[in-house]
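Peer 1: Quick one: the structure is below, questions incoming.
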Amino acid sequence: MLKQLPLRLHHQAFAVKDQERTRHFMEDVLGIPLAATWCEKVFRPEVGRDVEYCHTFYELADGGAIAYFQYADEECWEMNRFVPAKRGDAGALHSAFKVTRETQDEIRQRLKKAGIDFREIDHGYCYSLYLTSPDDVRMEFTVDAADVDKINAMRRADAHKELKRWLSGDRRTNNEDRA
(Lines give C-alpha, C1' and ligand atoms only; values in the text may rest on other atoms or scores of the structure.)
Protein backbone atom coordinates (compact mmCIF):
# COMPACT_ATOMS: atom_id res chain seq x y z
CA MET A 1 0.00 0.00 0.00
CA LEU A 2 1.14 3.57 -0.65
CA LYS A 3 2.55 5.36 2.36
CA GLN A 4 0.12 8.22 1.67
CA LEU A 5 -3.01 7.74 -0.43
CA PRO A 6 -4.05 10.34 -3.04
CA LEU A 7 -5.44 13.42 -1.31
CA ARG A 8 -8.56 13.83 -3.48
CA LEU A 9 -9.76 13.76 -7.05
CA HIS A 10 -7.89 16.58 -8.82
CA HIS A 11 -10.09 16.55 -11.92
CA GLN A 12 -12.19 14.31 -14.13
CA ALA A 13 -11.54 15.10 -17.79
CA PHE A 14 -13.56 14.69 -20.97
CA ALA A 15 -13.19 15.74 -24.62
CA VAL A 16 -15.88 18.05 -26.01
CA LYS A 17 -16.63 19.37 -29.47
CA ASP A 18 -17.73 22.88 -28.42
CA GLN A 19 -16.25 24.62 -25.38
CA GLU A 20 -18.77 27.47 -25.50
CA ARG A 21 -21.72 25.09 -25.48
CA THR A 22 -20.04 23.29 -22.57
CA ARG A 23 -19.41 26.58 -20.74
CA HIS A 24 -23.04 27.59 -21.14
CA PHE A 25 -24.21 24.25 -19.78
CA MET A 26 -21.76 24.17 -16.85
CA GLU A 27 -22.09 27.84 -15.78
CA ASP A 28 -25.44 29.09 -16.98
CA VAL A 29 -27.46 25.90 -16.58
CA LEU A 30 -25.75 24.01 -13.73
CA GLY A 31 -24.20 27.02 -11.95
CA ILE A 32 -20.70 25.53 -11.72
CA PRO A 33 -18.15 28.31 -12.36
CA LEU A 34 -15.40 28.30 -14.96
CA ALA A 35 -12.21 28.52 -12.88
CA ALA A 36 -9.44 28.24 -15.49
CA THR A 37 -8.84 28.14 -19.22
CA TRP A 38 -5.50 26.80 -20.40
CA CYS A 39 -4.63 27.14 -24.08
CA GLU A 40 -1.94 24.61 -24.79
CA LYS A 41 0.20 23.00 -27.45
CA VAL A 42 1.96 19.78 -26.56
CA PHE A 43 3.54 16.86 -28.39
CA ARG A 44 1.18 13.87 -28.43
CA PRO A 45 2.90 10.58 -29.28
CA GLU A 46 -0.32 8.93 -30.47
CA VAL A 47 -0.45 11.30 -33.47
CA GLY A 48 3.29 12.02 -33.67
CA ARG A 49 2.99 15.81 -33.62
CA ASP A 50 2.19 18.87 -31.54
CA VAL A 51 -1.51 19.23 -30.76
CA GLU A 52 -3.33 22.47 -29.91
CA TYR A 53 -6.15 22.32 -27.42
CA CYS A 54 -8.18 24.38 -24.99
CA HIS A 55 -8.46 22.85 -21.50
CA THR A 56 -11.12 24.30 -19.19
CA PHE A 57 -11.68 23.57 -15.50
CA TYR A 58 -14.97 24.03 -13.62
CA GLU A 59 -14.57 24.39 -9.88
CA LEU A 60 -15.93 21.96 -7.28
CA ALA A 61 -16.27 22.81 -3.59
CA ASP A 62 -13.51 20.45 -2.43
CA GLY A 63 -10.89 21.98 -4.76
CA GLY A 64 -11.35 19.35 -7.48
CA ALA A 65 -12.66 20.11 -10.95
CA ILE A 66 -14.54 18.84 -13.95
CA ALA A 67 -12.29 19.45 -16.94
CA TYR A 68 -12.92 19.57 -20.68
CA PHE A 69 -10.60 19.43 -23.70
CA GLN A 70 -11.46 20.90 -27.09
CA TYR A 71 -8.94 20.03 -29.79
CA ALA A 72 -8.12 22.35 -32.66
CA ASP A 73 -8.36 19.55 -35.20
CA GLU A 74 -10.89 16.84 -35.99
CA GLU A 75 -8.41 13.93 -35.83
CA CYS A 76 -7.67 14.53 -32.15
CA TRP A 77 -11.36 15.01 -31.35
CA GLU A 78 -12.19 11.66 -32.97
CA MET A 79 -9.36 9.92 -31.10
CA ASN A 80 -10.43 11.24 -27.69
CA ARG A 81 -14.20 11.07 -27.64
CA PHE A 82 -15.15 8.23 -25.32
CA VAL A 83 -12.95 5.62 -26.99
CA PRO A 84 -10.78 3.01 -25.25
CA ALA A 85 -7.30 4.22 -24.39
CA LYS A 86 -4.24 3.34 -26.38
CA ARG A 87 -1.30 2.17 -24.29
CA GLY A 88 0.74 5.12 -23.06
CA ASP A 89 -1.81 7.72 -24.20
CA ALA A 90 -2.71 10.30 -21.55
CA GLY A 91 -5.87 11.14 -23.46
CA ALA A 92 -8.72 13.46 -22.65
CA LEU A 93 -10.94 10.98 -20.78
CA HIS A 94 -9.13 10.30 -17.53
CA SER A 95 -9.29 10.63 -13.76
CA ALA A 96 -6.63 12.79 -12.16
CA PHE A 97 -5.71 12.49 -8.51
CA LYS A 98 -3.97 15.14 -6.43
CA VAL A 99 -0.95 13.66 -4.68
CA THR A 100 2.12 14.81 -2.79
CA ARG A 101 5.52 14.79 -4.49
CA GLU A 102 6.49 11.84 -2.27
CA THR A 103 3.42 9.83 -3.33
CA GLN A 104 4.07 10.62 -7.00
CA ASP A 105 7.69 9.48 -6.59
CA GLU A 106 6.54 6.25 -4.94
CA ILE A 107 4.00 5.57 -7.71
CA ARG A 108 6.70 6.20 -10.35
CA GLN A 109 9.00 3.67 -8.65
CA ARG A 110 6.19 1.12 -8.38
CA LEU A 111 5.41 1.51 -12.09
CA LYS A 112 9.06 1.08 -13.02
CA LYS A 113 9.35 -2.02 -10.84
CA ALA A 114 6.22 -3.50 -12.45
CA GLY A 115 7.42 -2.64 -15.97
CA ILE A 116 4.39 -0.44 -16.66
CA ASP A 117 4.80 2.43 -19.13
CA PHE A 118 3.99 5.95 -18.00
CA ARG A 119 4.38 9.48 -19.30
CA GLU A 120 5.23 12.69 -17.43
CA ILE A 121 4.41 16.29 -18.34
CA ASP A 122 5.41 19.45 -16.54
CA HIS A 123 2.43 21.69 -17.27
CA GLY A 124 3.89 24.58 -15.25
CA TYR A 125 0.82 24.79 -13.02
CA CYS A 126 1.19 21.11 -12.07
CA TYR A 127 3.47 18.14 -12.73
CA SER A 128 1.61 15.08 -13.99
CA LEU A 129 2.37 11.38 -14.23
CA TYR A 130 0.03 9.57 -16.66
CA LEU A 131 -0.59 5.87 -17.03
CA THR A 132 -3.07 3.42 -18.47
CA SER A 133 -4.27 0.49 -16.37
CA PRO A 134 -4.30 -3.07 -17.75
CA ASP A 135 -8.00 -2.54 -18.57
CA ASP A 136 -7.34 0.73 -20.43
CA VAL A 137 -8.44 3.09 -17.64
CA ARG A 138 -6.48 6.33 -18.00
CA MET A 139 -5.13 7.86 -14.79
CA GLU A 140 -3.11 10.90 -13.83
CA PHE A 141 -1.32 11.56 -10.55
CA THR A 142 -0.60 15.26 -10.25
CA VAL A 143 1.39 17.51 -7.94
CA ASP A 144 0.37 21.17 -7.96
CA ALA A 145 3.03 23.85 -8.40
CA ALA A 146 4.29 25.47 -5.20
CA ASP A 147 2.53 28.74 -6.13
CA VAL A 148 -0.72 27.06 -7.20
CA ASP A 149 -2.90 29.60 -5.35
CA LYS A 150 -1.31 32.48 -7.28
CA ILE A 151 -1.64 30.57 -10.58
CA ASN A 152 -5.28 29.68 -9.86
CA ALA A 153 -6.12 33.31 -9.08
CA MET A 154 -4.50 34.43 -12.35
CA ARG A 155 -6.44 31.87 -14.42
CA ARG A 156 -9.70 32.52 -12.57
CA ALA A 157 -9.39 36.22 -13.48
CA ASP A 158 -8.96 35.59 -17.21
CA ALA A 159 -10.78 32.26 -17.74
CA HIS A 160 -13.66 33.71 -19.79
CA LYS A 161 -11.43 36.03 -21.82
CA GLU A 162 -9.01 33.20 -22.65
CA LEU A 163 -11.80 30.82 -23.63
CA LYS A 164 -13.32 33.45 -25.94
CA ARG A 165 -9.90 34.14 -27.50
CA TRP A 166 -9.20 30.47 -28.17
CA LEU A 167 -12.67 29.85 -29.59
CA SER A 168 -12.23 32.82 -31.97
CA GLY A 169 -9.29 30.99 -33.57
CA ASP A 170 -6.39 32.54 -31.67
CA ARG A 171 -4.56 29.34 -30.70
CA ARG A 172 -1.60 30.94 -28.90
CA THR A 173 -0.68 29.16 -25.70
CA ASN A 174 -1.32 31.01 -22.46
CA ASN A 175 0.88 28.67 -20.50
CA GLU A 176 4.19 30.46 -20.27
CA ASP A 177 4.68 28.81 -16.88
CA ARG A 178 5.59 25.49 -18.51
CA ALA A 179 9.07 24.46 -17.45
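We name chains A, B, ... following the order of the C-alpha coordinates; residues begin at 1 in each chain, and ligands are numbered from 1 as shown.
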Using DSSP assignments from the backbone, pull out every residue in chain A that falls under helix (DSSP H, G or I) and give it to me as a PDB file with N, CA, C and O atoms, in the first residue's frame.

Peer 2:
```
ATOM      1  N   GLN A  19     -16.490  24.087 -26.714  1.00  0.00           N
ATOM      2  CA  GLN A  19     -16.250  24.618 -25.376  1.00  0.00           C
ATOM      3  C   GLN A  19     -17.296  25.660 -24.965  1.00  0.00           C
ATOM      4  O   GLN A  19     -17.658  25.729 -23.794  1.00  0.00           O
ATOM      5  N   GLU A  20     -17.775  26.467 -25.888  1.00  0.00           N
ATOM      6  CA  GLU A  20     -18.767  27.474 -25.498  1.00  0.00           C
ATOM      7  C   GLU A  20     -20.085  26.815 -25.112  1.00  0.00           C
ATOM      8  O   GLU A  20     -20.723  27.218 -24.135  1.00  0.00           O
ATOM      9  N   ARG A  21     -20.503  25.821 -25.848  1.00  0.00           N
ATOM     10  CA  ARG A  21     -21.721  25.090 -25.483  1.00  0.00           C
ATOM     11  C   ARG A  21     -21.541  24.439 -24.109  1.00  0.00           C
ATOM     12  O   ARG A  21     -22.439  24.457 -23.267  1.00  0.00           O
ATOM     13  N   THR A  22     -20.349  23.900 -23.866  1.00  0.00           N
ATOM     14  CA  THR A  22     -20.038  23.287 -22.569  1.00  0.00           C
ATOM     15  C   THR A  22     -20.038  24.346 -21.465  1.00  0.00           C
ATOM     16  O   THR A  22     -20.586  24.131 -20.387  1.00  0.00           O
ATOM     17  N   ARG A  23     -19.425  25.500 -21.726  1.00  0.00           N
ATOM     18  CA  ARG A  23     -19.405  26.577 -20.737  1.00  0.00           C
ATOM     19  C   ARG A  23     -20.823  27.007 -20.382  1.00  0.00           C
ATOM     20  O   ARG A  23     -21.176  27.159 -19.209  1.00  0.00           O
ATOM     21  N   HIS A  24     -21.655  27.195 -21.384  1.00  0.00           N
ATOM     22  CA  HIS A  24     -23.040  27.592 -21.140  1.00  0.00           C
ATOM     23  C   HIS A  24     -23.742  26.562 -20.249  1.00  0.00           C
ATOM     24  O   HIS A  24     -24.411  26.933 -19.276  1.00  0.00           O
ATOM     25  N   PHE A  25     -23.571  25.297 -20.568  1.00  0.00           N
ATOM     26  CA  PHE A  25     -24.206  24.246 -19.777  1.00  0.00           C
ATOM     27  C   PHE A  25     -23.685  24.240 -18.345  1.00  0.00           C
ATOM     28  O   PHE A  25     -24.456  24.241 -17.378  1.00  0.00           O
ATOM     29  N   MET A  26     -22.359  24.263 -18.187  1.00  0.00           N
ATOM     30  CA  MET A  26     -21.762  24.171 -16.850  1.00  0.00           C
ATOM     31  C   MET A  26     -22.083  25.401 -15.998  1.00  0.00           C
ATOM     32  O   MET A  26     -22.477  25.270 -14.840  1.00  0.00           O
ATOM     33  N   GLU A  27     -21.905  26.606 -16.559  1.00  0.00           N
ATOM     34  CA  GLU A  27     -22.092  27.837 -15.780  1.00  0.00           C
ATOM     35  C   GLU A  27     -23.543  28.297 -15.742  1.00  0.00           C
ATOM     36  O   GLU A  27     -24.098  28.527 -14.672  1.00  0.00           O
ATOM     37  N   ASP A  28     -24.117  28.458 -16.906  1.00  0.00           N
ATOM     38  CA  ASP A  28     -25.435  29.087 -16.985  1.00  0.00           C
ATOM     39  C   ASP A  28     -26.568  28.139 -16.602  1.00  0.00           C
ATOM     40  O   ASP A  28     -27.571  28.576 -16.044  1.00  0.00           O
ATOM     41  N   VAL A  29     -26.414  26.860 -16.907  1.00  0.00           N
ATOM     42  CA  VAL A  29     -27.461  25.898 -16.578  1.00  0.00           C
ATOM     43  C   VAL A  29     -27.219  25.281 -15.200  1.00  0.00           C
ATOM     44  O   VAL A  29     -28.079  25.334 -14.329  1.00  0.00           O
ATOM     45  N   GLU A  74      -9.903  17.917 -36.021  1.00  0.00           N
ATOM     46  CA  GLU A  74     -10.888  16.836 -35.993  1.00  0.00           C
ATOM     47  C   GLU A  74     -10.262  15.490 -35.638  1.00  0.00           C
ATOM     48  O   GLU A  74     -10.884  14.693 -34.932  1.00  0.00           O
ATOM     49  N   GLU A  75      -9.044  15.221 -36.106  1.00  0.00           N
ATOM     50  CA  GLU A  75      -8.410  13.930 -35.832  1.00  0.00           C
ATOM     51  C   GLU A  75      -8.280  13.689 -34.323  1.00  0.00           C
ATOM     52  O   GLU A  75      -8.594  12.602 -33.829  1.00  0.00           O
ATOM     53  N   CYS A  76      -7.835  14.693 -33.597  1.00  0.00           N
ATOM     54  CA  CYS A  76      -7.674  14.531 -32.147  1.00  0.00           C
ATOM     55  C   CYS A  76      -9.017  14.410 -31.446  1.00  0.00           C
ATOM     56  O   CYS A  76      -9.155  13.653 -30.486  1.00  0.00           O
ATOM     57  N   TRP A  77     -10.008  15.143 -31.922  1.00  0.00           N
ATOM     58  CA  TRP A  77     -11.359  15.006 -31.349  1.00  0.00           C
ATOM     59  C   TRP A  77     -11.840  13.565 -31.520  1.00  0.00           C
ATOM     60  O   TRP A  77     -12.296  12.939 -30.578  1.00  0.00           O
ATOM     61  N   GLU A  78     -11.723  13.023 -32.702  1.00  0.00           N
ATOM     62  CA  GLU A  78     -12.188  11.659 -32.966  1.00  0.00           C
ATOM     63  C   GLU A  78     -11.448  10.634 -32.110  1.00  0.00           C
ATOM     64  O   GLU A  78     -12.036   9.664 -31.662  1.00  0.00           O
ATOM     65  N   MET A  79     -10.162  10.869 -31.888  1.00  0.00           N
ATOM     66  CA  MET A  79      -9.356   9.922 -31.101  1.00  0.00           C
ATOM     67  C   MET A  79      -9.694   9.963 -29.613  1.00  0.00           C
ATOM     68  O   MET A  79      -9.411   9.017 -28.899  1.00  0.00           O
ATOM     69  N   ASN A  80     -10.272  11.046 -29.129  1.00  0.00           N
ATOM     70  CA  ASN A  80     -10.430  11.243 -27.691  1.00  0.00           C
ATOM     71  C   ASN A  80     -11.869  11.273 -27.206  1.00  0.00           C
ATOM     72  O   ASN A  80     -12.105  11.495 -26.035  1.00  0.00           O
ATOM     73  N   ARG A 101       4.335  15.146  -3.691  1.00  0.00           N
ATOM     74  CA  ARG A 101       5.523  14.789  -4.486  1.00  0.00           C
ATOM     75  C   ARG A 101       6.030  13.405  -4.069  1.00  0.00           C
ATOM     76  O   ARG A 101       6.410  12.588  -4.904  1.00  0.00           O
ATOM     77  N   GLU A 102       6.004  13.124  -2.776  1.00  0.00           N
ATOM     78  CA  GLU A 102       6.485  11.841  -2.272  1.00  0.00           C
ATOM     79  C   GLU A 102       5.628  10.680  -2.795  1.00  0.00           C
ATOM     80  O   GLU A 102       6.150   9.643  -3.186  1.00  0.00           O
ATOM     81  N   THR A 103       4.313  10.880  -2.819  1.00  0.00           N
ATOM     82  CA  THR A 103       3.425   9.833  -3.328  1.00  0.00           C
ATOM     83  C   THR A 103       3.644   9.641  -4.822  1.00  0.00           C
ATOM     84  O   THR A 103       3.696   8.505  -5.305  1.00  0.00           O
ATOM     85  N   GLN A 104       3.808  10.736  -5.567  1.00  0.00           N
ATOM     86  CA  GLN A 104       4.069  10.620  -6.997  1.00  0.00           C
ATOM     87  C   GLN A 104       5.377   9.861  -7.244  1.00  0.00           C
ATOM     88  O   GLN A 104       5.444   8.992  -8.116  1.00  0.00           O
ATOM     89  N   ASP A 105       6.407  10.179  -6.461  1.00  0.00           N
ATOM     90  CA  ASP A 105       7.687   9.479  -6.593  1.00  0.00           C
ATOM     91  C   ASP A 105       7.526   7.987  -6.309  1.00  0.00           C
ATOM     92  O   ASP A 105       8.104   7.150  -7.009  1.00  0.00           O
ATOM     93  N   GLU A 106       6.754   7.658  -5.279  1.00  0.00           N
ATOM     94  CA  GLU A 106       6.541   6.250  -4.937  1.00  0.00           C
ATOM     95  C   GLU A 106       5.781   5.528  -6.049  1.00  0.00           C
ATOM     96  O   GLU A 106       6.129   4.401  -6.414  1.00  0.00           O
ATOM     97  N   ILE A 107       4.760   6.179  -6.616  1.00  0.00           N
ATOM     98  CA  ILE A 107       4.005   5.568  -7.712  1.00  0.00           C
ATOM     99  C   ILE A 107       4.913   5.349  -8.913  1.00  0.00           C
ATOM    100  O   ILE A 107       4.880   4.291  -9.549  1.00  0.00           O
ATOM    101  N   ARG A 108       5.746   6.335  -9.235  1.00  0.00           N
ATOM    102  CA  ARG A 108       6.697   6.201 -10.347  1.00  0.00           C
ATOM    103  C   ARG A 108       7.594   4.979 -10.143  1.00  0.00           C
ATOM    104  O   ARG A 108       7.804   4.186 -11.067  1.00  0.00           O
ATOM    105  N   GLN A 109       8.130   4.819  -8.943  1.00  0.00           N
ATOM    106  CA  GLN A 109       9.001   3.673  -8.652  1.00  0.00           C
ATOM    107  C   GLN A 109       8.243   2.353  -8.757  1.00  0.00           C
ATOM    108  O   GLN A 109       8.764   1.357  -9.266  1.00  0.00           O
ATOM    109  N   ARG A 110       7.013   2.325  -8.291  1.00  0.00           N
ATOM    110  CA  ARG A 110       6.190   1.119  -8.376  1.00  0.00           C
ATOM    111  C   ARG A 110       5.914   0.749  -9.840  1.00  0.00           C
ATOM    112  O   ARG A 110       5.939  -0.422 -10.201  1.00  0.00           O
ATOM    113  N   LEU A 111       5.647   1.756 -10.664  1.00  0.00           N
ATOM    114  CA  LEU A 111       5.406   1.509 -12.087  1.00  0.00           C
ATOM    115  C   LEU A 111       6.652   0.969 -12.765  1.00  0.00           C
ATOM    116  O   LEU A 111       6.580   0.011 -13.558  1.00  0.00           O
ATOM    117  N   LYS A 112       7.797   1.568 -12.459  1.00  0.00           N
ATOM    118  CA  LYS A 112       9.061   1.082 -13.020  1.00  0.00           C
ATOM    119  C   LYS A 112       9.311  -0.367 -12.625  1.00  0.00           C
ATOM    120  O   LYS A 112       9.662  -1.199 -13.469  1.00  0.00           O
ATOM    121  N   LYS A 113       9.126  -0.662 -11.348  1.00  0.00           N
ATOM    122  CA  LYS A 113       9.352  -2.022 -10.835  1.00  0.00           C
ATOM    123  C   LYS A 113       8.423  -3.026 -11.518  1.00  0.00           C
ATOM    124  O   LYS A 113       8.828  -4.153 -11.811  1.00  0.00           O
ATOM    125  N   ALA A 114       7.193  -2.612 -11.809  1.00  0.00           N
ATOM    126  CA  ALA A 114       6.219  -3.498 -12.449  1.00  0.00           C
ATOM    127  C   ALA A 114       6.350  -3.515 -13.971  1.00  0.00           C
ATOM    128  O   ALA A 114       5.656  -4.281 -14.644  1.00  0.00           O
ATOM    129  N   VAL A 148       0.553  27.393  -6.554  1.00  0.00           N
ATOM    130  CA  VAL A 148      -0.720  27.058  -7.199  1.00  0.00           C
ATOM    131  C   VAL A 148      -1.821  28.069  -6.884  1.00  0.00           C
ATOM    132  O   VAL A 148      -2.645  28.371  -7.748  1.00  0.00           O
ATOM    133  N   ASP A 149      -1.858  28.624  -5.689  1.00  0.00           N
ATOM    134  CA  ASP A 149      -2.898  29.597  -5.352  1.00  0.00           C
ATOM    135  C   ASP A 149      -2.775  30.851  -6.218  1.00  0.00           C
ATOM    136  O   ASP A 149      -3.777  31.385  -6.704  1.00  0.00           O
ATOM    137  N   LYS A 150      -1.557  31.317  -6.426  1.00  0.00           N
ATOM    138  CA  LYS A 150      -1.313  32.480  -7.284  1.00  0.00           C
ATOM    139  C   LYS A 150      -1.704  32.163  -8.734  1.00  0.00           C
ATOM    140  O   LYS A 150      -2.368  32.965  -9.403  1.00  0.00           O
ATOM    141  N   ILE A 151      -1.308  30.987  -9.214  1.00  0.00           N
ATOM    142  CA  ILE A 151      -1.635  30.571 -10.583  1.00  0.00           C
ATOM    143  C   ILE A 151      -3.151  30.454 -10.745  1.00  0.00           C
ATOM    144  O   ILE A 151      -3.719  30.923 -11.731  1.00  0.00           O
ATOM    145  N   ASN A 152      -3.819  29.832  -9.776  1.00  0.00           N
ATOM    146  CA  ASN A 152      -5.275  29.676  -9.855  1.00  0.00           C
ATOM    147  C   ASN A 152      -5.981  31.025  -9.883  1.00  0.00           C
ATOM    148  O   ASN A 152      -6.951  31.216 -10.625  1.00  0.00           O
ATOM    149  N   ALA A 153      -5.515  31.979  -9.091  1.00  0.00           N
ATOM    150  CA  ALA A 153      -6.122  33.315  -9.082  1.00  0.00           C
ATOM    151  C   ALA A 153      -5.946  33.999 -10.440  1.00  0.00           C
ATOM    152  O   ALA A 153      -6.879  34.636 -10.949  1.00  0.00           O
ATOM    153  N   MET A 154      -4.772  33.851 -11.046  1.00  0.00           N
ATOM    154  CA  MET A 154      -4.504  34.433 -12.355  1.00  0.00           C
ATOM    155  C   MET A 154      -5.450  33.842 -13.396  1.00  0.00           C
ATOM    156  O   MET A 154      -6.068  34.577 -14.171  1.00  0.00           O
ATOM    157  N   ARG A 155      -5.589  32.522 -13.424  1.00  0.00           N
ATOM    158  CA  ARG A 155      -6.441  31.866 -14.415  1.00  0.00           C
ATOM    159  C   ARG A 155      -7.916  32.126 -14.137  1.00  0.00           C
ATOM    160  O   ARG A 155      -8.709  32.250 -15.062  1.00  0.00           O
ATOM    161  N   ARG A 156      -8.306  32.217 -12.889  1.00  0.00           N
ATOM    162  CA  ARG A 156      -9.703  32.519 -12.565  1.00  0.00           C
ATOM    163  C   ARG A 156     -10.068  33.910 -13.110  1.00  0.00           C
ATOM    164  O   ARG A 156     -11.159  34.116 -13.625  1.00  0.00           O
ATOM    165  N   ALA A 157      -9.133  34.853 -13.028  1.00  0.00           N
ATOM    166  CA  ALA A 157      -9.387  36.223 -13.476  1.00  0.00           C
ATOM    167  C   ALA A 157      -9.541  36.338 -14.990  1.00  0.00           C
ATOM    168  O   ALA A 157     -10.244  37.225 -15.474  1.00  0.00           O
ATOM    169  N   ASP A 158      -8.893  35.449 -15.751  1.00  0.00           N
ATOM    170  CA  ASP A 158      -8.962  35.587 -17.211  1.00  0.00           C
ATOM    171  C   ASP A 158      -9.599  34.379 -17.908  1.00  0.00           C
ATOM    172  O   ASP A 158      -9.524  34.256 -19.126  1.00  0.00           O
ATOM    173  N   ALA A 159     -10.243  33.498 -17.163  1.00  0.00           N
ATOM    174  CA  ALA A 159     -10.781  32.259 -17.735  1.00  0.00           C
ATOM    175  C   ALA A 159     -11.747  32.522 -18.889  1.00  0.00           C
ATOM    176  O   ALA A 159     -11.641  31.899 -19.951  1.00  0.00           O
ATOM    177  N   HIS A 160     -12.685  33.435 -18.730  1.00  0.00           N
ATOM    178  CA  HIS A 160     -13.661  33.712 -19.786  1.00  0.00           C
ATOM    179  C   HIS A 160     -13.009  34.383 -20.996  1.00  0.00           C
ATOM    180  O   HIS A 160     -13.301  34.035 -22.139  1.00  0.00           O
ATOM    181  N   LYS A 161     -12.116  35.335 -20.732  1.00  0.00           N
ATOM    182  CA  LYS A 161     -11.429  36.035 -21.824  1.00  0.00           C
ATOM    183  C   LYS A 161     -10.584  35.058 -22.639  1.00  0.00           C
ATOM    184  O   LYS A 161     -10.582  35.095 -23.870  1.00  0.00           O
ATOM    185  N   GLU A 162      -9.878  34.158 -21.962  1.00  0.00           N
ATOM    186  CA  GLU A 162      -9.015  33.200 -22.654  1.00  0.00           C
ATOM    187  C   GLU A 162      -9.821  32.177 -23.444  1.00  0.00           C
ATOM    188  O   GLU A 162      -9.446  31.797 -24.549  1.00  0.00           O
ATOM    189  N   LEU A 163     -10.944  31.748 -22.900  1.00  0.00           N
ATOM    190  CA  LEU A 163     -11.802  30.819 -23.635  1.00  0.00           C
ATOM    191  C   LEU A 163     -12.333  31.488 -24.895  1.00  0.00           C
ATOM    192  O   LEU A 163     -12.284  30.904 -25.989  1.00  0.00           O
ATOM    193  N   LYS A 164     -12.809  32.708 -24.778  1.00  0.00           N
ATOM    194  CA  LYS A 164     -13.323  33.448 -25.941  1.00  0.00           C
ATOM    195  C   LYS A 164     -12.232  33.623 -26.999  1.00  0.00           C
ATOM    196  O   LYS A 164     -12.480  33.455 -28.198  1.00  0.00           O
ATOM    197  N   ARG A 165     -11.029  33.960 -26.567  1.00  0.00           N
ATOM    198  CA  ARG A 165      -9.902  34.140 -27.498  1.00  0.00           C
ATOM    199  C   ARG A 165      -9.618  32.858 -28.253  1.00  0.00           C
ATOM    200  O   ARG A 165      -9.502  32.835 -29.480  1.00  0.00           O
ATOM    201  N   TRP A 166      -9.525  31.751 -27.539  1.00  0.00           N
ATOM    202  CA  TRP A 166      -9.198  30.472 -28.166  1.00  0.00           C
ATOM    203  C   TRP A 166     -10.293  30.054 -29.143  1.00  0.00           C
ATOM    204  O   TRP A 166     -10.016  29.625 -30.250  1.00  0.00           O
ATOM    205  N   LEU A 167     -11.548  30.231 -28.728  1.00  0.00           N
ATOM    206  CA  LEU A 167     -12.669  29.847 -29.593  1.00  0.00           C
ATOM    207  C   LEU A 167     -12.745  30.709 -30.849  1.00  0.00           C
ATOM    208  O   LEU A 167     -13.254  30.254 -31.881  1.00  0.00           O
TER     209      LEU A 167
END
```

Peer 1: For region 62-69 of chain A, please output as a PyMOL selection string all residues within 9 Å (counting only C-alpha atoms; exclusion window: fewer than 4 positions along the same chain).

Peer 2: chain A and resi 8-17+19+22+35+53-58+77+92-93+97-98

Peer 1: Taking only C-alpha atoms into account, which of A:Ala61, A:Ile116, A:Val47, A:Cys39 comes nearest Tyr130 (chain A)?

Peer 2: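 Smallest distance to Tyr130 (chain A) is found for A:Ile116.
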
Peer 1: Can you list, as a PDB file with N, CA, C and O atoms, in the first residue's frame, every protein, DNA or RNA residue that comes within 12 Å of Glu176 (chain A) when you count only C-alpha atoms, leaving out same-chain residues fewer than 4 positions away?

Peer 2:
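Below is the file that was written, around-v4.pdb:
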```pdb
ATOM      1  N   TRP A  38      -6.893  26.950 -19.977  1.00  0.00           N
ATOM      2  CA  TRP A  38      -5.502  26.799 -20.397  1.00  0.00           C
ATOM      3  C   TRP A  38      -5.497  26.508 -21.885  1.00  0.00           C
ATOM      4  O   TRP A  38      -6.108  25.543 -22.344  1.00  0.00           O
ATOM      5  N   CYS A  39      -4.800  27.342 -22.648  1.00  0.00           N
ATOM      6  CA  CYS A  39      -4.631  27.144 -24.084  1.00  0.00           C
ATOM      7  C   CYS A  39      -3.244  26.542 -24.260  1.00  0.00           C
ATOM      8  O   CYS A  39      -2.248  27.167 -23.899  1.00  0.00           O
ATOM      9  N   GLU A  40      -3.197  25.336 -24.784  1.00  0.00           N
ATOM     10  CA  GLU A  40      -1.936  24.610 -24.794  1.00  0.00           C
ATOM     11  C   GLU A  40      -1.598  24.022 -26.153  1.00  0.00           C
ATOM     12  O   GLU A  40      -2.461  23.847 -27.011  1.00  0.00           O
ATOM     13  N   LYS A  41      -0.329  23.698 -26.285  1.00  0.00           N
ATOM     14  CA  LYS A  41       0.197  23.005 -27.447  1.00  0.00           C
ATOM     15  C   LYS A  41       1.249  22.054 -26.900  1.00  0.00           C
ATOM     16  O   LYS A  41       2.211  22.490 -26.260  1.00  0.00           O
ATOM     17  N   ASP A 122       5.375  18.290 -17.414  1.00  0.00           N
ATOM     18  CA  ASP A 122       5.414  19.454 -16.535  1.00  0.00           C
ATOM     19  C   ASP A 122       4.565  20.522 -17.201  1.00  0.00           C
ATOM     20  O   ASP A 122       4.969  21.139 -18.174  1.00  0.00           O
ATOM     21  N   HIS A 123       3.353  20.714 -16.695  1.00  0.00           N
ATOM     22  CA  HIS A 123       2.428  21.692 -17.265  1.00  0.00           C
ATOM     23  C   HIS A 123       2.726  23.109 -16.785  1.00  0.00           C
ATOM     24  O   HIS A 123       2.104  24.055 -17.251  1.00  0.00           O
ATOM     25  N   GLY A 124       3.616  23.266 -15.835  1.00  0.00           N
ATOM     26  CA  GLY A 124       3.888  24.583 -15.252  1.00  0.00           C
ATOM     27  C   GLY A 124       3.026  24.810 -14.030  1.00  0.00           C
ATOM     28  O   GLY A 124       3.528  25.132 -12.960  1.00  0.00           O
ATOM     29  N   TYR A 125       1.737  24.629 -14.149  1.00  0.00           N
ATOM     30  CA  TYR A 125       0.819  24.792 -13.021  1.00  0.00           C
ATOM     31  C   TYR A 125       0.699  23.510 -12.200  1.00  0.00           C
ATOM     32  O   TYR A 125       0.232  23.526 -11.070  1.00  0.00           O
ATOM     33  N   ILE A 151      -1.308  30.987  -9.214  1.00  0.00           N
ATOM     34  CA  ILE A 151      -1.635  30.571 -10.583  1.00  0.00           C
ATOM     35  C   ILE A 151      -3.151  30.454 -10.745  1.00  0.00           C
ATOM     36  O   ILE A 151      -3.719  30.923 -11.731  1.00  0.00           O
ATOM     37  N   ARG A 172      -2.828  30.746 -29.682  1.00  0.00           N
ATOM     38  CA  ARG A 172      -1.603  30.937 -28.902  1.00  0.00           C
ATOM     39  C   ARG A 172      -1.755  30.316 -27.521  1.00  0.00           C
ATOM     40  O   ARG A 172      -2.792  30.415 -26.897  1.00  0.00           O
TER      41      ARG A 172
END
```

Peer 1: Have a look at CA of Tyr127 (chain A) and CA of Ser168 (chain A) and let me know their distance in Å, one decimal.

Peer 2: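 Pair CA of Tyr127 (chain A) / CA of Ser168 (chain A) returns 28.8 Å.
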
Peer 1: Provide the CA of Thr142 (chain A) to CA of Ala96 (chain A) distance in Å, to one decimal place.

Peer 2: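 Distance between the two atoms: 6.8 Å.
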
Peer 1: Using only C-alpha atoms, find the one residue out of A:Leu60, A:Leu131, A:Met139, A:Ala72 that sits nearest to His94 (chain A).

Peer 2: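 Smallest distance to His94 (chain A) is found for A:Met139.
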